[in-house]
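Presented below is the structure to which this report refers.
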Amino acid sequence: MSSEKINICVFGASSRDLEQDYIDDAYKLGKLMARRGWTCFNGAGCEGLMRAVSDGALDAGGEAIGVIPQFMVDNGWHYDRLTRIITTADMHERKLTLAQMTQAVIALPGGCGTMEELLEAITWRQLNLAPKPIIVLNTLGYYNHLSAMLTTAIEQGFMRKSHNRLVKFVNSPEQAVEVIEKELHETPQPIESKY
């Protein structure tokens, strides 16, 4: 894996007016990825955490590549500072493109779109369609309730016990990159089949 180019998919909010801690963590994550030579892939948004992680990567001399549906470009929602923009026909193609081009996922805090992307990535890993590391950056405890919900799903039999390995929750950008670095260099442990 060391000689292979590593691309990381980062999901996150495109919302404005977020608390500065969220912006700071996203920016720091971008810088840390760039320092490792990793390319940041995201949804190409020009606001919020998507912009912050891109700025962090670019300011540290790295690359930030955005994948965005044409209708969002038509609305001017893309960030024109990105290294490259890949335009897709729709949201489904956007997610598929991000999944095909990256080796790991980091989810920053976000709304419905971010959570939908994250849960789909977890589902794909559960079904062994995309067995890649998935890290949730739990800034300010934002994802505490999601973590508890997944634990409840396991405890009540809606998911297998081994599915607690599908996703890792971390509290800092440093932990996020450390976990991914470790997982990318390890032989993945098999995930128990859903059926």
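Simple scheme: letters A, B, ... for chains in structure tokens order, numbers from 1 for residues in each chain, numbers from 1 for ligands in the order shown.
DSSP on the backbone gives strand (DSSP E or B) for these parts of segment 29-135 of chain A: Thr39, Cys40, Phe41, Asn42, Gly45, Ala64, Ile65, Gly66, Val67, Ile68, Pro69, His78, Arg84, Ile85, Ile86, Thr87, Thr88, Ala104, Val105, Ile106, Ala107, Ile134 and Ile135 of chain A.
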Could the residues in this selection be written to a file with C-alpha atoms, as a PDB file, in the first residue's frame?
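So the final result, stored in again_32.pdb, reads:
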ATOM      1  CA  THR A  39      -5.517  13.160  -1.986  1.00  0.00           C
ATOM      2  CA  CYS A  40      -8.715  14.570  -0.507  1.00  0.00           C
ATOM      3  CA  PHE A  41     -11.854  13.677  -2.453  1.00  0.00           C
ATOM      4  CA  ASN A  42     -15.108  15.339  -1.454  1.00  0.00           C
ATOM      5  CA  GLY A  45     -18.856  22.258  -2.104  1.00  0.00           C
ATOM      6  CA  ALA A  64      -8.405  18.317  -3.312  1.00  0.00           C
ATOM      7  CA  ILE A  65     -10.650  16.763  -5.936  1.00  0.00           C
ATOM      8  CA  GLY A  66     -14.373  17.410  -5.960  1.00  0.00           C
ATOM      9  CA  VAL A  67     -17.113  15.191  -7.356  1.00  0.00           C
ATOM     10  CA  ILE A  68     -20.376  17.033  -7.936  1.00  0.00           C
ATOM     11  CA  PRO A  69     -23.599  16.613  -9.911  1.00  0.00           C
ATOM     12  CA  HIS A  78     -18.896  24.120  -6.572  1.00  0.00           C
ATOM     13  CA  ARG A  84      -9.942  19.143 -10.187  1.00  0.00           C
ATOM     14  CA  ILE A  85     -13.714  18.869 -10.453  1.00  0.00           C
ATOM     15  CA  ILE A  86     -15.438  15.722 -11.721  1.00  0.00           C
ATOM     16  CA  THR A  87     -18.997  16.388 -12.826  1.00  0.00           C
ATOM     17  CA  THR A  88     -21.595  13.625 -12.601  1.00  0.00           C
ATOM     18  CA  ALA A 104     -11.108   5.015   2.801  1.00  0.00           C
ATOM     19  CA  VAL A 105     -13.922   7.233   4.087  1.00  0.00           C
ATOM     20  CA  ILE A 106     -13.888   9.939   6.732  1.00  0.00           C
ATOM     21  CA  ALA A 107     -17.206  11.464   7.762  1.00  0.00           C
ATOM     22  CA  ILE A 134     -14.759   4.151   7.567  1.00  0.00           C
ATOM     23  CA  ILE A 135     -13.894   6.757  10.186  1.00  0.00           C
TER      24      ILE A 135
END
Per residue of segment 15-133 of chain A within 8 Å of segment 140-147 of chain A, note the shortest atom pair and the distance in Å to one decimal, counting only C-alpha atoms, and order the rows by chain and increasing residue number, as a tab-separated table.
residue	atom	partner	partner_atom	distance
A:Asp21	CA	A:Leu140	CA	7.7
A:Tyr22	CA	A:Leu140	CA	7.9
A:Pro109	CA	A:Tyr142	CA	6.5
Convert the current residue selection to file output with all heavy atoms, as a PDB file, in the first residue's frame.
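Output below, filename selection18.pdb:
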ATOM      1  N   ASP A  21     -15.084  25.246  15.884  1.00  0.00           N
ATOM      2  CA  ASP A  21     -14.420  23.959  16.144  1.00  0.00           C
ATOM      3  C   ASP A  21     -14.619  22.982  14.987  1.00  0.00           C
ATOM      4  O   ASP A  21     -13.717  22.212  14.656  1.00  0.00           O
ATOM      5  CB  ASP A  21     -14.947  23.321  17.433  1.00  0.00           C
ATOM      6  CG  ASP A  21     -14.423  23.999  18.684  1.00  0.00           C
ATOM      7  OD1 ASP A  21     -13.431  24.756  18.583  1.00  0.00           O
ATOM      8  OD2 ASP A  21     -14.994  23.782  19.761  1.00  0.00           O
ATOM      9  N   TYR A  22     -15.802  22.998  14.383  1.00  0.00           N
ATOM     10  CA  TYR A  22     -16.060  22.116  13.243  1.00  0.00           C
ATOM     11  C   TYR A  22     -15.179  22.506  12.050  1.00  0.00           C
ATOM     12  O   TYR A  22     -14.585  21.651  11.393  1.00  0.00           O
ATOM     13  CB  TYR A  22     -17.531  22.185  12.833  1.00  0.00           C
ATOM     14  CG  TYR A  22     -18.496  21.635  13.850  1.00  0.00           C
ATOM     15  CD1 TYR A  22     -19.526  22.425  14.348  1.00  0.00           C
ATOM     16  CD2 TYR A  22     -18.399  20.330  14.319  1.00  0.00           C
ATOM     17  CE1 TYR A  22     -20.432  21.923  15.278  1.00  0.00           C
ATOM     18  CE2 TYR A  22     -19.288  19.816  15.253  1.00  0.00           C
ATOM     19  CZ  TYR A  22     -20.305  20.625  15.725  1.00  0.00           C
ATOM     20  OH  TYR A  22     -21.189  20.126  16.644  1.00  0.00           O
ATOM     21  N   PRO A 109     -18.915  16.019  10.635  1.00  0.00           N
ATOM     22  CA  PRO A 109     -20.303  16.338  10.944  1.00  0.00           C
ATOM     23  C   PRO A 109     -21.039  16.912   9.729  1.00  0.00           C
ATOM     24  O   PRO A 109     -20.437  17.562   8.873  1.00  0.00           O
ATOM     25  CB  PRO A 109     -20.170  17.385  12.058  1.00  0.00           C
ATOM     26  CG  PRO A 109     -18.899  17.002  12.757  1.00  0.00           C
ATOM     27  CD  PRO A 109     -17.980  16.589  11.634  1.00  0.00           C
TER      28      PRO A 109
END
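Atom CA of Leu108 of chain A is found 13.2 Å from atom CA of Glu19 of chain A.
Residue nearest Arg125 of chain A, chosen from A:Glu181, A:Glu192, A:Glu4, A:Asp90 and counting only C-alpha atoms: A:Glu192.
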Nearest residue to Lys31 of chain A from the set A:Ala52, A:Ala44, A:Leu127, A:Met72 (distances using only C-alpha atoms):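 Residue with the minimum atom-to-atom distance to Lys31 of chain A: A:Ala52.
Contact shell of Glu63 of chain A at 12 Å (only C-alpha atoms; same-chain neighbours under 5 positions omitted): Lys5, Ile6, Asn7, Ile8, Gly30, Lys31, Leu32, Met33, Ala34, Arg35, Arg36, Gly37, Trp38, Thr39, Cys40, Phe41, Asn42, Val53, Ser54, Asp55, Gly56, Ala57, Leu58, Arg81, Leu82, Thr83, Arg84 and Ile85 of chain A.
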Could you please take those selected residues and save N, CA and C atoms as a compact mmCIF listing (two decimals), in the first residue's frame?
# COMPACT_ATOMS: atom_id res chain seq x y z
N LYS A 5 -0.99 5.26 -4.60
CA LYS A 5 -1.56 6.58 -4.29
C LYS A 5 -2.82 6.39 -3.45
N ILE A 6 -2.90 7.12 -2.37
CA ILE A 6 -4.02 6.96 -1.45
C ILE A 6 -4.98 8.14 -1.61
N ASN A 7 -6.22 7.80 -1.92
CA ASN A 7 -7.28 8.79 -2.06
C ASN A 7 -8.29 8.57 -0.93
N ILE A 8 -8.63 9.64 -0.23
CA ILE A 8 -9.55 9.55 0.90
C ILE A 8 -10.82 10.33 0.56
N GLY A 30 -7.66 18.17 6.49
CA GLY A 30 -7.13 18.37 5.14
C GLY A 30 -5.62 18.52 5.14
N LYS A 31 -5.10 19.30 6.08
CA LYS A 31 -3.64 19.48 6.18
C LYS A 31 -2.94 18.17 6.50
N LEU A 32 -3.48 17.42 7.45
CA LEU A 32 -2.84 16.16 7.84
C LEU A 32 -2.83 15.16 6.68
N MET A 33 -3.90 15.11 5.92
CA MET A 33 -3.94 14.21 4.77
C MET A 33 -2.90 14.63 3.73
N ALA A 34 -2.83 15.93 3.46
CA ALA A 34 -1.86 16.42 2.46
C ALA A 34 -0.43 16.11 2.88
N ARG A 35 -0.14 16.24 4.16
CA ARG A 35 1.22 15.97 4.65
C ARG A 35 1.61 14.51 4.48
N ARG A 36 0.63 13.63 4.42
CA ARG A 36 0.89 12.20 4.18
C ARG A 36 0.89 11.86 2.69
N GLY A 37 0.63 12.85 1.86
CA GLY A 37 0.58 12.61 0.42
C GLY A 37 -0.75 12.04 -0.05
N TRP A 38 -1.77 12.10 0.81
CA TRP A 38 -3.08 11.58 0.44
C TRP A 38 -3.87 12.66 -0.30
N THR A 39 -4.65 12.24 -1.26
CA THR A 39 -5.52 13.16 -1.99
C THR A 39 -6.89 13.18 -1.33
N CYS A 40 -7.39 14.38 -1.10
CA CYS A 40 -8.72 14.57 -0.51
C CYS A 40 -9.77 14.61 -1.61
N PHE A 41 -10.69 13.67 -1.56
CA PHE A 41 -11.85 13.68 -2.45
C PHE A 41 -13.06 14.08 -1.63
N ASN A 42 -13.87 14.98 -2.15
CA ASN A 42 -15.11 15.34 -1.45
C ASN A 42 -16.16 15.78 -2.46
N VAL A 53 -12.05 21.46 4.53
CA VAL A 53 -11.12 20.34 4.34
C VAL A 53 -10.33 20.52 3.05
N SER A 54 -10.97 21.05 2.02
CA SER A 54 -10.26 21.32 0.77
C SER A 54 -9.19 22.38 0.98
N ASP A 55 -9.53 23.45 1.68
CA ASP A 55 -8.55 24.51 1.95
C ASP A 55 -7.36 23.97 2.74
N GLY A 56 -7.64 23.13 3.74
CA GLY A 56 -6.55 22.55 4.51
C GLY A 56 -5.60 21.75 3.65
N ALA A 57 -6.16 20.92 2.78
CA ALA A 57 -5.33 20.10 1.89
C ALA A 57 -4.54 20.98 0.92
N LEU A 58 -5.21 21.93 0.31
CA LEU A 58 -4.55 22.78 -0.69
C LEU A 58 -3.50 23.69 -0.07
N ARG A 81 -11.62 26.59 -6.40
CA ARG A 81 -10.19 26.49 -6.03
C ARG A 81 -9.67 25.05 -6.11
N LEU A 82 -10.54 24.09 -6.26
CA LEU A 82 -10.15 22.68 -6.22
C LEU A 82 -9.13 22.33 -7.30
N THR A 83 -8.33 21.31 -7.01
CA THR A 83 -7.36 20.82 -7.98
C THR A 83 -8.06 20.35 -9.26
N ARG A 84 -9.19 19.70 -9.06
CA ARG A 84 -9.94 19.14 -10.19
C ARG A 84 -11.38 18.94 -9.76
N ILE A 85 -12.30 19.13 -10.70
CA ILE A 85 -13.71 18.87 -10.45
C ILE A 85 -14.19 17.81 -11.44
Report as CSV the residues of segment 14-130 of chain A within 9 Å of segment 157-169 of chain A, each with its shortest atom pair and distance in Å (one decimal), using only C-alpha atoms, ordered by chain and increasing residue number.
residue,atom,partner,partner_atom,distance
A:Ile122,CA,A:Leu166,CA,6.3
A:Thr123,CA,A:Leu166,CA,8.7
A:Arg125,CA,A:Leu166,CA,6.7
A:Gln126,CA,A:Leu166,CA,6.7
Keeping only all heavy atoms, write the selected residues as an mmCIF file, in the first residue's frame.
data_model
loop_
_atom_site.group_PDB
_atom_site.id
_atom_site.type_symbol
_atom_site.label_atom_id
_atom_site.label_comp_id
_atom_site.auth_asym_id
_atom_site.auth_seq_id
_atom_site.Cartn_x
_atom_site.Cartn_y
_atom_site.Cartn_z
ATOM 1 N N ILE A 122 -21.404 2.575 5.171
ATOM 2 C CA ILE A 122 -21.411 1.515 6.180
ATOM 3 C C ILE A 122 -22.138 0.288 5.638
ATOM 4 O O ILE A 122 -21.686 -0.853 5.802
ATOM 5 C CB ILE A 122 -22.058 2.012 7.482
ATOM 6 C CG1 ILE A 122 -21.189 3.106 8.132
ATOM 7 C CG2 ILE A 122 -22.260 0.854 8.465
ATOM 8 C CD1 ILE A 122 -21.863 3.825 9.290
ATOM 9 N N THR A 123 -23.265 0.505 4.978
ATOM 10 C CA THR A 123 -24.033 -0.609 4.410
ATOM 11 C C THR A 123 -23.232 -1.344 3.351
ATOM 12 O O THR A 123 -23.213 -2.587 3.319
ATOM 13 C CB THR A 123 -25.354 -0.095 3.803
ATOM 14 O OG1 THR A 123 -26.106 0.578 4.822
ATOM 15 C CG2 THR A 123 -26.187 -1.235 3.235
ATOM 16 N N ARG A 125 -20.039 -1.561 3.143
ATOM 17 C CA ARG A 125 -18.986 -2.338 3.809
ATOM 18 C C ARG A 125 -19.586 -3.589 4.461
ATOM 19 O O ARG A 125 -18.999 -4.668 4.412
ATOM 20 C CB ARG A 125 -18.265 -1.493 4.848
ATOM 21 C CG ARG A 125 -17.068 -2.238 5.433
ATOM 22 C CD ARG A 125 -16.203 -1.402 6.340
ATOM 23 N NE ARG A 125 -14.998 -2.146 6.666
ATOM 24 C CZ ARG A 125 -14.157 -1.823 7.648
ATOM 25 N NH1 ARG A 125 -14.382 -0.750 8.384
ATOM 26 N NH2 ARG A 125 -13.091 -2.558 7.882
ATOM 27 N N GLN A 126 -20.747 -3.443 5.061
ATOM 28 C CA GLN A 126 -21.420 -4.568 5.701
ATOM 29 C C GLN A 126 -21.698 -5.676 4.685
ATOM 30 O O GLN A 126 -21.610 -6.866 4.998
ATOM 31 C CB GLN A 126 -22.735 -4.078 6.325
ATOM 32 C CG GLN A 126 -23.534 -5.139 7.044
ATOM 33 C CD GLN A 126 -24.857 -4.580 7.565
ATOM 34 O OE1 GLN A 126 -25.371 -3.585 7.067
ATOM 35 N NE2 GLN A 126 -25.405 -5.221 8.562
#
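Of the residues listed (A:Cys46, A:Val177, A:Leu137, A:Ala121), A:Cys46 shows the shortest atom-to-atom separation from Ser14 of chain A; distances use only C-alpha atoms.
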Pick the closest to His92 of chain A from A:Glu120, A:Asp80, A:Glu174, A:Glu47: which is it, counting only C-alpha atoms?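 Closest to His92 of chain A, using only C-alpha atoms: A:Glu120.
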Gap from atom CA of Tyr79 of chain A to atom CA of Ala176 of chain A - Å, one decimal: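 Result for atom CA of Tyr79 of chain A versus atom CA of Ala176 of chain A: 24.2 Å, one decimal.
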From segment 68-148 of chain A, collect each residue whose DSSP state is helix (DSSP H, G or I) and return the set as a PyMOL selection string. chain A and resi 70-74+91-101+112-126+139-141+144-148
Written selection (N, CA, C and O atoms) as a short mmCIF file (atom, residue, chain, number, x, y, z; two decimals), in the first residue's frame:
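For reference, again-v2.cif as written:
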data_model
loop_
_atom_site.label_atom_id
_atom_site.label_comp_id
_atom_site.auth_asym_id
_atom_site.auth_seq_id
_atom_site.Cartn_x
_atom_site.Cartn_y
_atom_site.Cartn_z
N GLN A 70 -24.06 17.78 -11.98
CA GLN A 70 -24.15 18.94 -12.87
C GLN A 70 -25.12 19.99 -12.35
O GLN A 70 -24.86 21.19 -12.45
N PHE A 71 -26.25 19.58 -11.76
CA PHE A 71 -27.22 20.58 -11.31
C PHE A 71 -26.65 21.47 -10.21
O PHE A 71 -27.01 22.65 -10.09
N MET A 72 -25.72 20.93 -9.41
CA MET A 72 -25.08 21.74 -8.37
C MET A 72 -24.09 22.74 -8.98
O MET A 72 -23.97 23.87 -8.53
N VAL A 73 -23.39 22.30 -10.03
CA VAL A 73 -22.50 23.22 -10.76
C VAL A 73 -23.33 24.34 -11.38
O VAL A 73 -22.97 25.52 -11.31
N ASP A 74 -24.47 23.96 -11.97
CA ASP A 74 -25.35 24.96 -12.59
C ASP A 74 -25.82 26.00 -11.58
O ASP A 74 -26.07 27.16 -11.94
N MET A 91 -26.82 12.54 -8.17
CA MET A 91 -26.28 12.24 -6.85
C MET A 91 -25.79 10.80 -6.74
O MET A 91 -24.78 10.52 -6.10
N HIS A 92 -26.52 9.88 -7.36
CA HIS A 92 -26.14 8.47 -7.28
C HIS A 92 -24.78 8.22 -7.95
O HIS A 92 -23.93 7.52 -7.40
N GLU A 93 -24.59 8.84 -9.11
CA GLU A 93 -23.30 8.68 -9.80
C GLU A 93 -22.19 9.34 -8.99
O GLU A 93 -21.06 8.85 -8.97
N ARG A 94 -22.50 10.43 -8.32
CA ARG A 94 -21.50 11.10 -7.48
C ARG A 94 -20.99 10.14 -6.40
O ARG A 94 -19.79 9.99 -6.19
N LYS A 95 -21.91 9.50 -5.68
CA LYS A 95 -21.51 8.59 -4.60
C LYS A 95 -20.74 7.38 -5.15
O LYS A 95 -19.75 6.95 -4.55
N LEU A 96 -21.19 6.86 -6.27
CA LEU A 96 -20.50 5.71 -6.87
C LEU A 96 -19.09 6.10 -7.29
O LEU A 96 -18.13 5.35 -7.06
N THR A 97 -18.93 7.27 -7.88
CA THR A 97 -17.61 7.75 -8.30
C THR A 97 -16.69 7.90 -7.10
O THR A 97 -15.53 7.47 -7.13
N LEU A 98 -17.19 8.51 -6.04
CA LEU A 98 -16.37 8.67 -4.83
C LEU A 98 -15.97 7.31 -4.26
O LEU A 98 -14.82 7.12 -3.85
N ALA A 99 -16.90 6.36 -4.28
CA ALA A 99 -16.59 5.02 -3.75
C ALA A 99 -15.54 4.32 -4.60
O ALA A 99 -14.65 3.65 -4.07
N GLN A 100 -15.63 4.47 -5.91
CA GLN A 100 -14.71 3.77 -6.82
C GLN A 100 -13.31 4.37 -6.81
O GLN A 100 -12.34 3.67 -7.08
N MET A 101 -13.19 5.65 -6.50
CA MET A 101 -11.90 6.33 -6.63
C MET A 101 -11.12 6.45 -5.33
O MET A 101 -10.02 6.98 -5.31
N CYS A 112 -28.49 15.82 6.68
CA CYS A 112 -29.09 14.61 6.08
C CYS A 112 -28.22 14.04 4.97
O CYS A 112 -28.06 12.82 4.87
N GLY A 113 -27.68 14.88 4.10
CA GLY A 113 -26.88 14.39 2.98
C GLY A 113 -25.64 13.65 3.46
O GLY A 113 -25.33 12.55 2.99
N THR A 114 -24.95 14.24 4.42
CA THR A 114 -23.75 13.60 4.97
C THR A 114 -24.09 12.28 5.65
O THR A 114 -23.40 11.27 5.46
N MET A 115 -25.15 12.29 6.44
CA MET A 115 -25.51 11.06 7.15
C MET A 115 -25.98 9.97 6.19
O MET A 115 -25.68 8.79 6.38
N GLU A 116 -26.67 10.37 5.13
CA GLU A 116 -27.09 9.39 4.12
C GLU A 116 -25.88 8.77 3.43
O GLU A 116 -25.80 7.56 3.23
N GLU A 117 -24.89 9.60 3.10
CA GLU A 117 -23.66 9.10 2.47
C GLU A 117 -22.91 8.16 3.40
O GLU A 117 -22.43 7.10 2.99
N LEU A 118 -22.81 8.56 4.67
CA LEU A 118 -22.11 7.74 5.65
C LEU A 118 -22.80 6.39 5.84
O LEU A 118 -22.15 5.34 5.82
N LEU A 119 -24.11 6.41 6.03
CA LEU A 119 -24.84 5.15 6.26
C LEU A 119 -24.79 4.24 5.03
O LEU A 119 -24.71 3.02 5.17
N GLU A 120 -24.78 4.83 3.84
CA GLU A 120 -24.65 3.99 2.65
C GLU A 120 -23.26 3.35 2.61
O GLU A 120 -23.12 2.16 2.28
N ALA A 121 -22.23 4.11 2.96
CA ALA A 121 -20.87 3.55 2.99
C ALA A 121 -20.78 2.41 4.00
O ALA A 121 -20.16 1.37 3.73
N ILE A 122 -21.40 2.58 5.17
CA ILE A 122 -21.41 1.52 6.18
C ILE A 122 -22.14 0.29 5.64
O ILE A 122 -21.69 -0.85 5.80
N THR A 123 -23.27 0.50 4.98
CA THR A 123 -24.03 -0.61 4.41
C THR A 123 -23.23 -1.34 3.35
O THR A 123 -23.21 -2.59 3.32
N TRP A 124 -22.55 -0.61 2.49
CA TRP A 124 -21.74 -1.24 1.44
C TRP A 124 -20.62 -2.07 2.06
O TRP A 124 -20.28 -3.14 1.57
N ARG A 125 -20.04 -1.56 3.14
CA ARG A 125 -18.99 -2.34 3.81
C ARG A 125 -19.59 -3.59 4.46
O ARG A 125 -19.00 -4.67 4.41
N GLN A 126 -20.75 -3.44 5.06
CA GLN A 126 -21.42 -4.57 5.70
C GLN A 126 -21.70 -5.68 4.68
O GLN A 126 -21.61 -6.87 5.00
N THR A 139 -16.41 15.41 16.17
CA THR A 139 -16.12 16.72 16.74
C THR A 139 -17.26 17.16 17.66
O THR A 139 -18.43 17.09 17.29
N LEU A 140 -16.91 17.60 18.85
CA LEU A 140 -17.87 18.10 19.84
C LEU A 140 -18.96 17.08 20.18
O LEU A 140 -20.05 17.44 20.58
N GLY A 141 -18.66 15.80 19.98
CA GLY A 141 -19.64 14.75 20.28
C GLY A 141 -20.82 14.72 19.32
O GLY A 141 -21.87 14.14 19.64
N ASN A 144 -22.45 11.31 18.71
CA ASN A 144 -22.68 10.43 19.87
C ASN A 144 -23.96 9.63 19.72
O ASN A 144 -24.02 8.43 20.06
N HIS A 145 -25.01 10.26 19.24
CA HIS A 145 -26.30 9.56 19.13
C HIS A 145 -26.26 8.49 18.04
O HIS A 145 -26.87 7.42 18.19
N LEU A 146 -25.54 8.76 16.94
CA LEU A 146 -25.40 7.73 15.90
C LEU A 146 -24.63 6.53 16.44
O LEU A 146 -25.01 5.38 16.19
N SER A 147 -23.57 6.79 17.18
CA SER A 147 -22.80 5.69 17.77
C SER A 147 -23.69 4.85 18.69
O SER A 147 -23.67 3.61 18.64
N ALA A 148 -24.49 5.53 19.51
CA ALA A 148 -25.39 4.81 20.41
C ALA A 148 -26.44 4.03 19.63
O ALA A 148 -26.80 2.91 20.00
#
